[in-house]
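Asks: So here's start_4.cif, just mmCIF, C-alpha atoms and all ligand atoms:
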```cif
data_protein
#
loop_
_atom_site.group_PDB
_atom_site.id
_atom_site.type_symbol
_atom_site.label_atom_id
_atom_site.label_comp_id
_atom_site.auth_asym_id
_atom_site.auth_seq_id
_atom_site.Cartn_x
_atom_site.Cartn_y
_atom_site.Cartn_z
ATOM 1 C CA MET A 1 0.000 0.000 0.000
ATOM 2 C CA SER A 2 1.397 3.364 -0.877
ATOM 3 C CA SER A 3 1.210 6.048 1.762
ATOM 4 C CA THR A 4 0.244 9.605 0.902
ATOM 5 C CA PRO A 5 2.815 12.282 1.804
ATOM 6 C CA ALA A 6 0.544 13.634 4.536
ATOM 7 C CA SER A 7 0.259 10.275 6.278
ATOM 8 C CA SER A 8 3.905 9.276 5.989
ATOM 9 C CA PRO A 9 5.335 8.714 9.466
ATOM 10 C CA THR A 10 8.732 10.052 8.354
ATOM 11 C CA ARG A 11 7.443 13.518 7.347
ATOM 12 C CA SER A 12 6.786 15.952 10.149
ATOM 13 C CA ALA A 13 3.693 18.156 10.161
ATOM 14 C CA ALA A 14 5.901 21.233 10.381
ATOM 15 C CA ILE A 15 7.716 22.230 7.203
ATOM 16 C CA ALA A 16 10.020 24.445 9.263
ATOM 17 C CA SER A 17 10.582 24.781 12.975
ATOM 18 C CA ALA A 18 12.845 26.459 15.485
ATOM 19 C CA ARG A 19 13.602 25.636 19.099
ATOM 20 C CA GLY A 20 15.234 27.984 21.576
ATOM 21 C CA LEU A 21 16.198 30.371 18.784
ATOM 22 C CA VAL A 22 18.389 33.201 20.012
ATOM 23 C CA LYS A 23 20.061 35.839 17.853
ATOM 24 C CA THR A 24 22.227 38.406 19.552
ATOM 25 C CA TYR A 25 23.929 41.181 17.619
ATOM 26 C CA GLY A 26 26.956 42.779 19.264
ATOM 27 C CA LYS A 27 28.405 42.081 22.688
ATOM 28 C CA GLY A 28 28.275 43.304 26.279
ATOM 29 C CA THR A 29 26.312 46.458 27.024
ATOM 30 C CA THR A 30 25.672 47.146 23.333
ATOM 31 C CA ALA A 31 24.246 43.660 22.627
ATOM 32 C CA VAL A 32 20.846 43.550 20.876
ATOM 33 C CA HIS A 33 18.760 40.437 21.476
ATOM 34 C CA ALA A 34 16.895 40.329 18.169
ATOM 35 C CA LEU A 35 15.512 36.865 19.010
ATOM 36 C CA ALA A 36 15.222 35.956 22.676
ATOM 37 C CA GLY A 37 14.387 32.222 22.588
ATOM 38 C CA VAL A 38 11.793 31.520 19.901
ATOM 39 C CA ASP A 39 10.004 28.169 19.632
ATOM 40 C CA VAL A 40 7.937 27.973 16.465
ATOM 41 C CA ASP A 41 6.460 25.487 14.008
ATOM 42 C CA PHE A 42 5.410 26.532 10.505
ATOM 43 C CA ALA A 43 2.814 24.063 9.263
ATOM 44 C CA ARG A 44 3.313 22.167 6.021
ATOM 45 C CA GLY A 45 0.915 23.342 3.317
ATOM 46 C CA GLN A 46 -0.029 26.530 5.172
ATOM 47 C CA PHE A 47 0.383 30.250 4.602
ATOM 48 C CA THR A 48 1.822 31.831 7.762
ATOM 49 C CA ALA A 49 2.287 35.570 8.274
ATOM 50 C CA ILE A 50 4.730 37.082 10.768
ATOM 51 C CA MET A 51 3.826 40.482 12.179
ATOM 52 C CA GLY A 52 5.069 42.745 14.948
ATOM 53 C CA PRO A 53 6.380 46.233 15.617
ATOM 54 C CA SER A 54 9.500 47.549 13.910
ATOM 55 C CA GLY A 55 12.568 45.955 15.484
ATOM 56 C CA SER A 56 10.622 43.028 17.004
ATOM 57 C CA GLY A 57 12.752 40.466 15.150
ATOM 58 C CA LYS A 58 10.592 39.491 12.153
ATOM 59 C CA SER A 59 13.328 39.698 9.518
ATOM 60 C CA THR A 60 15.867 38.106 11.836
ATOM 61 C CA LEU A 61 13.522 35.158 12.429
ATOM 62 C CA MET A 62 12.919 34.721 8.712
ATOM 63 C CA HIS A 63 16.624 35.030 7.895
ATOM 64 C CA CYS A 64 17.574 32.443 10.534
ATOM 65 C CA MET A 65 14.843 30.063 9.292
ATOM 66 C CA ALA A 66 16.044 30.476 5.686
ATOM 67 C CA GLY A 67 19.749 30.002 6.391
ATOM 68 C CA LEU A 68 20.517 33.632 5.475
ATOM 69 C CA ASP A 69 21.680 34.367 9.029
ATOM 70 C CA THR A 70 23.246 32.138 11.683
ATOM 71 C CA PRO A 71 21.515 31.869 15.060
ATOM 72 C CA THR A 72 23.508 32.530 18.226
ATOM 73 C CA GLU A 73 21.734 29.606 19.931
ATOM 74 C CA GLY A 74 19.017 27.106 19.130
ATOM 75 C CA THR A 75 18.042 24.829 16.280
ATOM 76 C CA VAL A 76 16.327 25.405 12.951
ATOM 77 C CA VAL A 77 14.927 22.495 10.941
ATOM 78 C CA VAL A 78 13.503 22.882 7.424
ATOM 79 C CA ASP A 79 11.837 19.882 5.809
ATOM 80 C CA ASP A 80 13.631 17.565 8.239
ATOM 81 C CA LEU A 81 17.073 19.079 7.491
ATOM 82 C CA THR A 82 18.909 20.742 10.376
ATOM 83 C CA VAL A 83 19.782 24.161 8.991
ATOM 84 C CA SER A 84 21.389 25.554 12.138
ATOM 85 C CA THR A 85 24.397 23.218 11.915
ATOM 86 C CA MET A 86 25.029 23.603 8.170
ATOM 87 C CA ASN A 87 28.208 25.141 6.812
ATOM 88 C CA GLN A 88 28.126 27.861 4.140
ATOM 89 C CA ARG A 89 28.346 25.390 1.264
ATOM 90 C CA GLN A 90 25.433 23.364 2.617
ATOM 91 C CA LEU A 91 23.420 26.543 3.250
ATOM 92 C CA THR A 92 23.959 27.696 -0.329
ATOM 93 C CA LYS A 93 22.754 24.318 -1.591
ATOM 94 C CA LEU A 94 19.746 24.422 0.756
ATOM 95 C CA ARG A 95 18.729 27.888 -0.436
ATOM 96 C CA ARG A 96 19.199 26.907 -4.053
ATOM 97 C CA THR A 97 17.360 23.591 -3.945
ATOM 98 C CA GLN A 98 14.868 23.719 -1.080
ATOM 99 C CA LEU A 99 13.809 27.326 -0.599
ATOM 100 C CA GLY A 100 12.081 30.049 -2.578
ATOM 101 C CA PHE A 101 12.514 33.758 -1.827
ATOM 102 C CA ILE A 102 10.389 36.807 -2.583
ATOM 103 C CA PHE A 103 11.681 40.238 -1.562
ATOM 104 C CA GLN A 104 10.070 43.671 -1.383
ATOM 105 C CA SER A 105 12.314 44.923 -4.186
ATOM 106 C CA PHE A 106 11.517 42.107 -6.713
ATOM 107 C CA ASN A 107 15.252 41.466 -7.451
ATOM 108 C CA LEU A 108 14.766 40.539 -11.104
ATOM 109 C CA VAL A 109 17.632 40.507 -13.598
ATOM 110 C CA PRO A 110 16.923 43.493 -15.904
ATOM 111 C CA THR A 111 18.523 42.006 -19.020
ATOM 112 C CA LEU A 112 16.505 38.766 -18.889
ATOM 113 C CA THR A 113 12.920 38.255 -20.032
ATOM 114 C CA ALA A 114 10.196 37.345 -17.556
ATOM 115 C CA LEU A 115 10.446 33.682 -18.563
ATOM 116 C CA GLU A 116 14.259 33.679 -18.264
ATOM 117 C CA ASN A 117 13.947 35.272 -14.814
ATOM 118 C CA ILE A 118 11.440 32.618 -13.745
ATOM 119 C CA THR A 119 13.635 29.697 -14.796
ATOM 120 C CA LEU A 120 16.914 31.300 -13.640
ATOM 121 C CA PRO A 121 17.156 29.392 -10.309
ATOM 122 C CA LEU A 122 16.764 26.081 -12.144
ATOM 123 C CA ASP A 123 19.287 27.141 -14.802
ATOM 124 C CA ILE A 124 21.825 28.120 -12.124
ATOM 125 C CA ALA A 125 21.297 24.806 -10.321
ATOM 126 C CA ARG A 126 21.469 22.994 -13.697
ATOM 127 C CA ARG A 127 18.154 21.353 -12.930
ATOM 128 C CA PRO A 128 15.650 20.493 -15.659
ATOM 129 C CA VAL A 129 12.504 22.608 -15.968
ATOM 130 C CA ASP A 130 9.306 20.699 -15.208
ATOM 131 C CA ARG A 131 7.341 22.144 -18.148
ATOM 132 C CA ALA A 132 3.925 21.161 -16.763
ATOM 133 C CA HIS A 133 4.677 22.777 -13.403
ATOM 134 C CA LEU A 134 6.124 25.879 -15.113
ATOM 135 C CA ALA A 135 2.939 26.199 -17.182
ATOM 136 C CA ALA A 136 0.776 25.794 -14.052
ATOM 137 C CA VAL A 137 2.753 28.463 -12.178
ATOM 138 C CA VAL A 138 2.755 30.899 -15.134
ATOM 139 C CA LYS A 139 -1.005 30.420 -15.518
ATOM 140 C CA ALA A 140 -1.588 30.913 -11.789
ATOM 141 C CA VAL A 141 0.319 34.226 -11.760
ATOM 142 C CA GLY A 142 -1.476 35.345 -14.952
ATOM 143 C CA LEU A 143 1.693 36.116 -16.920
ATOM 144 C CA ALA A 144 1.243 33.922 -19.969
ATOM 145 C CA ASP A 145 1.146 36.952 -22.327
ATOM 146 C CA ARG A 146 4.085 38.742 -20.681
ATOM 147 C CA LEU A 147 6.764 36.067 -20.761
ATOM 148 C CA LYS A 148 8.910 37.766 -23.430
ATOM 149 C CA HIS A 149 8.875 41.152 -21.678
ATOM 150 C CA ARG A 150 11.848 42.455 -19.707
ATOM 151 C CA PRO A 151 11.266 43.762 -16.158
ATOM 152 C CA SER A 152 11.363 47.419 -17.328
ATOM 153 C CA GLU A 153 8.399 46.636 -19.612
ATOM 154 C CA LEU A 154 6.308 45.292 -16.715
ATOM 155 C CA SER A 155 4.380 47.036 -13.943
ATOM 156 C CA GLY A 156 5.519 46.635 -10.327
ATOM 157 C CA GLY A 157 2.753 44.128 -9.697
ATOM 158 C CA GLN A 158 3.695 42.122 -12.783
ATOM 159 C CA GLN A 159 7.366 42.168 -11.765
ATOM 160 C CA GLN A 160 6.471 40.841 -8.322
ATOM 161 C CA ARG A 161 4.342 38.122 -9.920
ATOM 162 C CA VAL A 162 7.421 37.136 -11.973
ATOM 163 C CA ALA A 163 9.362 36.986 -8.690
ATOM 164 C CA CYS A 164 6.601 34.806 -7.186
ATOM 165 C CA ALA A 165 6.736 32.436 -10.163
ATOM 166 C CA ARG A 166 10.550 32.324 -9.883
ATOM 167 C CA ALA A 167 10.236 31.398 -6.189
ATOM 168 C CA LEU A 168 7.780 28.598 -6.923
ATOM 169 C CA VAL A 169 9.084 27.055 -10.115
ATOM 170 C CA SER A 170 11.620 24.824 -8.366
ATOM 171 C CA LYS A 171 8.879 23.397 -6.073
ATOM 172 C CA PRO A 172 10.670 24.537 -2.918
ATOM 173 C CA SER A 173 9.859 23.064 0.482
ATOM 174 C CA VAL A 174 8.972 26.538 1.654
ATOM 175 C CA VAL A 175 8.727 30.037 0.182
ATOM 176 C CA PHE A 176 9.941 32.897 2.385
ATOM 177 C CA ALA A 177 8.465 36.279 1.449
ATOM 178 C CA ASP A 178 9.820 39.429 3.109
ATOM 179 C CA GLU A 179 7.311 42.308 2.741
ATOM 180 C CA PRO A 180 6.338 41.098 -0.759
ATOM 181 C CA THR A 181 3.696 43.823 -1.149
ATOM 182 C CA GLY A 182 5.713 46.637 0.444
ATOM 183 C CA ASN A 183 6.307 48.369 -2.919
ATOM 184 C CA LEU A 184 2.919 47.660 -4.497
ATOM 185 C CA ASP A 185 -0.380 49.517 -4.797
ATOM 186 C CA SER A 186 -3.466 47.871 -3.308
ATOM 187 C CA VAL A 187 -4.629 46.273 -6.575
ATOM 188 C CA SER A 188 -1.226 44.708 -7.307
ATOM 189 C CA SER A 189 -0.899 43.671 -3.653
ATOM 190 C CA ARG A 190 -4.193 41.840 -3.870
ATOM 191 C CA GLU A 191 -3.036 39.983 -7.006
ATOM 192 C CA VAL A 192 0.228 38.896 -5.388
ATOM 193 C CA LEU A 193 -1.438 37.863 -2.122
ATOM 194 C CA THR A 194 -4.202 35.991 -3.938
ATOM 195 C CA PHE A 195 -1.509 34.145 -5.859
ATOM 196 C CA LEU A 196 0.458 33.312 -2.693
ATOM 197 C CA ARG A 197 -2.681 31.979 -1.029
ATOM 198 C CA SER A 198 -3.638 29.930 -4.105
ATOM 199 C CA SER A 199 -0.113 28.528 -4.322
ATOM 200 C CA VAL A 200 -0.803 27.029 -0.892
ATOM 201 C CA ASP A 201 -4.415 25.980 -1.513
ATOM 202 C CA GLU A 202 -3.944 24.673 -5.050
ATOM 203 C CA LEU A 203 -0.230 23.918 -5.564
ATOM 204 C CA ASP A 204 0.332 22.579 -2.008
ATOM 205 C CA GLN A 205 3.088 25.106 -1.324
ATOM 206 C CA SER A 206 4.132 26.233 2.185
ATOM 207 C CA VAL A 207 4.599 29.996 2.535
ATOM 208 C CA VAL A 208 5.998 32.163 5.340
ATOM 209 C CA MET A 209 5.576 35.928 4.886
ATOM 210 C CA VAL A 210 6.773 38.901 6.928
ATOM 211 C CA THR A 211 4.432 41.872 6.633
ATOM 212 C CA HIS A 212 3.438 45.119 8.333
ATOM 213 C CA ASP A 213 0.072 45.173 6.577
ATOM 214 C CA PRO A 214 -2.984 43.710 8.385
ATOM 215 C CA VAL A 215 -4.775 43.247 5.046
ATOM 216 C CA ALA A 216 -1.828 41.253 3.675
ATOM 217 C CA ALA A 217 -1.720 39.164 6.875
ATOM 218 C CA SER A 218 -5.424 38.370 6.500
ATOM 219 C CA TYR A 219 -4.616 36.287 3.388
ATOM 220 C CA ALA A 220 -2.672 33.852 5.593
ATOM 221 C CA HIS A 221 -4.072 30.852 7.444
ATOM 222 C CA ARG A 222 -2.250 31.889 10.584
ATOM 223 C CA VAL A 223 -0.560 35.029 11.885
ATOM 224 C CA LEU A 224 2.253 34.994 14.451
ATOM 225 C CA PHE A 225 2.999 38.173 16.379
ATOM 226 C CA LEU A 226 6.504 38.990 17.564
ATOM 227 C CA ALA A 227 7.442 41.509 20.234
ATOM 228 C CA ASP A 228 10.940 42.039 21.635
ATOM 229 C CA GLY A 229 12.267 38.880 19.980
ATOM 230 C CA LEU A 230 9.537 36.535 21.226
ATOM 231 C CA ILE A 231 6.299 35.171 19.762
ATOM 232 C CA VAL A 232 3.645 36.705 21.994
ATOM 233 C CA ALA A 233 0.370 35.993 20.184
ATOM 234 C CA GLU A 234 -1.130 34.159 17.240
ATOM 235 C CA LEU A 235 -4.345 34.152 15.224
ATOM 236 C CA THR A 236 -5.837 31.532 12.952
ATOM 237 C CA GLU A 237 -8.183 32.473 10.103
ATOM 238 C CA PRO A 238 -7.302 36.163 10.565
ATOM 239 C CA THR A 239 -9.264 39.153 9.306
ATOM 240 C CA PRO A 240 -7.782 42.665 8.924
ATOM 241 C CA ASP A 241 -9.824 43.740 11.975
ATOM 242 C CA SER A 242 -8.732 40.845 14.201
ATOM 243 C CA VAL A 243 -5.093 41.459 13.200
ATOM 244 C CA LEU A 244 -5.411 45.176 13.985
ATOM 245 C CA GLU A 245 -6.946 44.335 17.351
ATOM 246 C CA VAL A 246 -3.988 42.144 18.373
ATOM 247 C CA LEU A 247 -1.478 44.737 17.099
ATOM 248 C CA GLY A 248 -3.310 47.434 19.088
ATOM 249 C CA SER A 249 -3.250 45.407 22.291
ATOM 250 C CA LEU A 250 0.491 44.714 21.840
ATOM 251 C CA THR A 251 1.145 48.435 21.367
ATOM 252 C CA ARG A 252 -0.918 49.252 24.486
ATOM 253 C CA GLN A 253 0.952 46.604 26.545
ATOM 254 C CA LYS A 254 4.282 48.062 25.391
ATOM 255 C CA ALA A 255 3.177 51.614 26.253
ATOM 256 C CA SER A 256 2.100 50.609 29.775
ATOM 257 C CA ALA A 257 5.195 48.452 30.454
HETATM 258 N N1 LIG A 301 23.053 43.222 11.488
HETATM 259 C C1 LIG A 301 22.586 43.765 12.617
HETATM 260 N N2 LIG A 301 23.416 44.307 13.530
HETATM 261 C C2 LIG A 301 22.961 44.829 14.691
HETATM 262 N N3 LIG A 301 21.651 44.825 15.047
HETATM 263 C C3 LIG A 301 20.784 44.295 14.188
HETATM 264 C C4 LIG A 301 21.185 43.744 12.932
HETATM 265 N N4 LIG A 301 20.084 43.282 12.291
HETATM 266 C C5 LIG A 301 19.031 43.546 13.105
HETATM 267 N N5 LIG A 301 19.447 44.151 14.240
HETATM 268 C C6 LIG A 301 18.610 44.579 15.360
HETATM 269 O O1 LIG A 301 17.833 43.454 15.767
HETATM 270 C C7 LIG A 301 16.514 43.856 16.112
HETATM 271 C C8 LIG A 301 15.507 43.096 15.256
HETATM 272 O O2 LIG A 301 15.672 43.506 13.910
HETATM 273 P P1 LIG A 301 14.760 42.956 12.728
HETATM 274 O O3 LIG A 301 15.244 43.584 11.459
HETATM 275 O O4 LIG A 301 14.696 41.471 12.781
HETATM 276 O O5 LIG A 301 13.318 43.545 13.138
HETATM 277 P P2 LIG A 301 12.002 43.642 12.261
HETATM 278 O O6 LIG A 301 10.876 43.245 13.148
HETATM 279 O O7 LIG A 301 12.155 42.883 10.994
HETATM 280 O O8 LIG A 301 11.945 45.203 11.977
HETATM 281 P P3 LIG A 301 11.314 46.026 10.759
HETATM 282 O O9 LIG A 301 9.832 45.802 10.853
HETATM 283 O O10 LIG A 301 11.669 47.442 11.074
HETATM 284 O O11 LIG A 301 11.914 45.536 9.488
HETATM 285 C C9 LIG A 301 16.457 45.376 15.924
HETATM 286 O O12 LIG A 301 16.691 45.990 17.178
HETATM 287 C C10 LIG A 301 17.605 45.637 14.966
HETATM 288 O O13 LIG A 301 18.129 46.937 15.145
#
```
Go through the file and emit its structure as structure tokens.
Replies:
Amino acid sequence: MSSTPASSPTRSAAIASARGLVKTYGKGTTAVHALAGVDVDFARGQFTAIMGPSGSGKSTLMHCMAGLDTPTEGTVVVDDLTVSTMNQRQLTKLRRTQLGFIFQSFNLVPTLTALENITLPLDIARRPVDRAHLAAVVKAVGLADRLKHRPSELSGGQQQRVACARALVSKPSVVFADEPTGNLDSVSSREVLTFLRSSVDELDQSVVMVTHDPVAASYAHRVLFLADGLIVAELTEPTPDSVLEVLGSLTRQKASA
């Protein structure tokens, strides 16, 4: 009998997790505890948003999870691989083969077409392009008639949708998105967020997104709230109003502390 991926005893329910995650910048009296002992599980096949005030540790958490930064203490596991003990060569391979990234600033190569940008990670890794998956991703981001355009010939929203397709085309274990709608108007933001959500619901992707925007967070299945380097609250099935309410109560707690 073949077992489905979800029921396999060897696959954990969390696509990425951290235990006792500490990140300290600097030393002695000038030390900044960006992460102060975070325990977190990001569910497989879910869209998770990370929110919190400026300086609460959101980017640091994402960077430690994605092997872009090294934790001071604690363990990070992504798709059953222990990231926190990897050397630079292993981290590079992990990022190239297992992870997808979407940044606020799109980070497309200006001289390449949209299609060449999308397949670039596979070309760099010398991996074959799964044509059926590429077609599904291109269709999902609604870029089929823009594939020959260069980034300068695309709107900001279209450029970010190219970046989304690039992040997904290699079927990564998890996509990390850092403020993906930070440079977009509300219409383009909605397109990108709808795509990210559908990549989870329809393409079985796992997505972790840092955002300041309660509307963006409401597209996620779950929102985690950071304050002073710790996860202090969470919401499932968020709405913009419920997210704003938690953010407001965190701000009030901070003001009265
Ligand atoms: N390379 C660094 N060197 C020193 N301190 C750093 C460094 N990176 C981050 N920090 C500090 O760590 C803390 C957490 O930063 P981080 O960027 O993770 O917060 P954030 O929640 O993502 O903030 P923002 O919403 O403003 O982007 C802040 O106090 C920040 O100043």
Asks: Could I get the residues of chain A with an atom no further than 8 Å from an atom of ligand LIG 301 (chain A), each paired with its nearest atom pair and that distance in Å to one decimal, using all atoms listed in the file, sorted by chain and residue number, as JSON lines?
Replies:
```
{"residue": "A:Thr24", "atom": "CA", "partner": "A:LIG301", "partner_atom": "O1", "distance": 7.7}
{"residue": "A:Tyr25", "atom": "CA", "partner": "A:LIG301", "partner_atom": "C2", "distance": 4.8}
{"residue": "A:Gly26", "atom": "CA", "partner": "A:LIG301", "partner_atom": "C2", "distance": 6.4}
{"residue": "A:Val32", "atom": "CA", "partner": "A:LIG301", "partner_atom": "O1", "distance": 5.9}
{"residue": "A:His33", "atom": "CA", "partner": "A:LIG301", "partner_atom": "O1", "distance": 6.5}
{"residue": "A:Ala34", "atom": "CA", "partner": "A:LIG301", "partner_atom": "O1", "distance": 4.1}
{"residue": "A:Leu35", "atom": "CA", "partner": "A:LIG301", "partner_atom": "C8", "distance": 7.3}
{"residue": "A:Met51", "atom": "CA", "partner": "A:LIG301", "partner_atom": "O6", "distance": 7.6}
{"residue": "A:Gly52", "atom": "CA", "partner": "A:LIG301", "partner_atom": "O6", "distance": 6.1}
{"residue": "A:Pro53", "atom": "CA", "partner": "A:LIG301", "partner_atom": "O9", "distance": 5.9}
{"residue": "A:Ser54", "atom": "CA", "partner": "A:LIG301", "partner_atom": "O9", "distance": 3.5}
{"residue": "A:Gly55", "atom": "CA", "partner": "A:LIG301", "partner_atom": "O5", "distance": 3.4}
{"residue": "A:Ser56", "atom": "CA", "partner": "A:LIG301", "partner_atom": "O6", "distance": 3.9}
{"residue": "A:Gly57", "atom": "CA", "partner": "A:LIG301", "partner_atom": "O4", "distance": 3.2}
{"residue": "A:Lys58", "atom": "CA", "partner": "A:LIG301", "partner_atom": "O6", "distance": 3.9}
{"residue": "A:Ser59", "atom": "CA", "partner": "A:LIG301", "partner_atom": "O7", "distance": 3.7}
{"residue": "A:Thr60", "atom": "CA", "partner": "A:LIG301", "partner_atom": "O4", "distance": 3.7}
{"residue": "A:Leu61", "atom": "CA", "partner": "A:LIG301", "partner_atom": "O4", "distance": 6.4}
{"residue": "A:Val210", "atom": "CA", "partner": "A:LIG301", "partner_atom": "O7", "distance": 7.8}
{"residue": "A:Thr211", "atom": "CA", "partner": "A:LIG301", "partner_atom": "O9", "distance": 7.9}
{"residue": "A:His212", "atom": "CA", "partner": "A:LIG301", "partner_atom": "O9", "distance": 6.9}
{"residue": "A:Leu226", "atom": "CA", "partner": "A:LIG301", "partner_atom": "O6", "distance": 7.5}
{"residue": "A:Asp228", "atom": "CA", "partner": "A:LIG301", "partner_atom": "C8", "distance": 7.9}
{"residue": "A:Gly229", "atom": "CA", "partner": "A:LIG301", "partner_atom": "C8", "distance": 7.1}
```
Asks: Looking at A:Tyr219, A:Phe225, A:Phe195, A:Phe42, which one is nearest to Val76 (chain A), with distances taken over only C-alpha atoms?
Replies: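 Distance minimum relative to Val76 (chain A) lands on A:Phe42.
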Asks: From the options A:Arg146, A:Arg19, A:Arg190, A:Lys27, which residue's atoms come nearest to Val78 (chain A), counting only C-alpha atoms?
Replies: A:Arg19
Asks: Could you state the separation of CA of Arg44 (chain A) and CA of Val22 (chain A) in Å, given to one decimal place?
Replies: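 CA of Val22 (chain A) lies 23.3 Å from CA of Arg44 (chain A).
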Asks: Which residues fall under the PyMOL selection byres (((chain A and resi 201-206) around 7) and not hetatm) in this file, as a PyMOL selection string?
Replies: chain A and resi 44-47+173-175+197-200+207-208
Asks: Got a sec to resolve the PyMOL selection byres (((chain A and resi 239) around 9) and not hetatm) on this structure and send the residues as a PyMOL selection string?
Replies: chain A and resi 214-215+217-219+237-238+240-244
Asks: Please report the interatomic distance between CA of Asp185 (chain A) and CA of Ala144 (chain A) in Å with one decimal.
Replies: 21.8 Å
Asks: Report, in Å to a single decimal, how far apart CA of Leu196 (chain A) and CA of Leu99 (chain A) are.
Replies: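 Spanning CA of Leu99 (chain A) to CA of Leu196 (chain A) is a straight-line distance of 14.8 Å.
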Asks: Running the PyMOL selection byres (((chain A and resi 86) around 12) and not hetatm) on this model by hand, what would come out? Give it as a list of chain:residue names.
Replies: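 Listing what the PyMOL selection byres (((chain A and resi 86) around 12) and not hetatm) selects in the shown file: A:Cys64, A:Ala66, A:Gly67, A:Leu68, A:Asp69, A:Thr70, A:Pro71, A:Thr75, A:Val76, A:Val77, A:Val78, A:Leu81, A:Thr82, A:Val83, A:Ser84, A:Thr85, A:Asn87, A:Gln88, A:Arg89, A:Gln90, A:Leu91, A:Thr92, A:Lys93, A:Leu94, A:Arg95.
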Asks: As a ChimeraX atom specification, please: the residues near Thr111 (chain A) (cut-off 9 Å, only C-alpha atoms, same-chain neighbours under 3 positions excluded).
Replies: /A:108,150-151
Asks: Choose the residue, out of A:Ala163, A:Ile102, A:Val169, A:Val141, that has the smallest atom-to-atom separation from Val129 (chain A); count only C-alpha atoms.
Replies: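 Selected residue with least distance to Val129 (chain A): A:Val169.
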Asks: Between A:Leu120, A:Arg126, A:Gly157, A:Leu115, which has the minimum distance to Val138 (chain A) (counting all atoms listed in the file)?
Replies: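 Under the stated criterion, the closest residue is A:Leu115.
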Asks: Which is closest to Leu224 (chain A) among A:Thr48, A:Thr119, A:Gln158, A:Thr251, if we use only C-alpha atoms?
Replies: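 Closest residue, counting only C-alpha atoms: A:Thr48.
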Asks: May I ask which of the residues A:Gln98, A:Ser170, A:Glu245, A:Cys164 is the closest one to Pro128 (chain A), counting only C-alpha atoms?
Replies: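 Nearest candidate to Pro128 (chain A) out of A:Gln98, A:Ser170, A:Glu245, A:Cys164: A:Ser170.
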Asks: Show me the residues close to (11.3, 39.6, -17.9) - anything with an atom within 8 Å, counting all atoms listed in the file - and format the list as a list in words.
Replies: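 Residues close enough to count: Leu108, Val109, Pro110, Thr111, Leu112, Thr113, Ala114, Leu115, Glu116, Asn117, Arg146, Leu147, Lys148, His149, Arg150, Pro151, Ser152, Glu153, Leu154, Gln159 and Val162 of chain A.
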Asks: Please enclose the listed atoms of region 67-71 of chain A in an axis-aligned box, pad each side by 6 Å, and write out the centre and the three edge lengths in Å, rounded to one decimal, as JSON.
Replies:
```
{"center_x": 21.5, "center_y": 32.2, "center_z": 10.3, "size_x": 15.5, "size_y": 16.4, "size_z": 21.6}
```
Asks: Residues near Val223 (chain A), anyone? I mean within 6 Å using all atoms listed in the file, not counting same-chain ones fewer than 5 positions away, as a PyMOL selection string.
Replies: chain A and resi 48-50+234-235
Asks: Generate a file of the selected residues that holds C-alpha atoms, formatted as a PDB file, in the coordinates of the input.
Replies:
```pdb
ATOM      1  CA  THR A  48       1.822  31.831   7.762  1.00  0.00           C
ATOM      2  CA  ALA A  49       2.287  35.570   8.274  1.00  0.00           C
ATOM      3  CA  ILE A  50       4.730  37.082  10.768  1.00  0.00           C
ATOM      4  CA  GLU A 234      -1.130  34.159  17.240  1.00  0.00           C
ATOM      5  CA  LEU A 235      -4.345  34.152  15.224  1.00  0.00           C
TER       6      LEU A 235
END
```
Asks: Enumerate, as number ranges by chain, the protein, DNA and RNA residues whose atoms approach (9.0, 23.8, 8.1) to within 6 Å, taking into account all atoms listed in the file and the coordinate frame of the file.
Replies: A: 14-17, 42, 78-79
Asks: Write the selection just made, keeping C-alpha atoms, as a PDB file, in the frame of the given file?
Replies:
```pdb
ATOM      1  CA  ALA A  14       5.901  21.233  10.381  1.00  0.00           C
ATOM      2  CA  ILE A  15       7.716  22.230   7.203  1.00  0.00           C
ATOM      3  CA  ALA A  16      10.020  24.445   9.263  1.00  0.00           C
ATOM      4  CA  SER A  17      10.582  24.781  12.975  1.00  0.00           C
ATOM      5  CA  PHE A  42       5.410  26.532  10.505  1.00  0.00           C
ATOM      6  CA  VAL A  78      13.503  22.882   7.424  1.00  0.00           C
ATOM      7  CA  ASP A  79      11.837  19.882   5.809  1.00  0.00           C
TER       8      ASP A  79
END
```
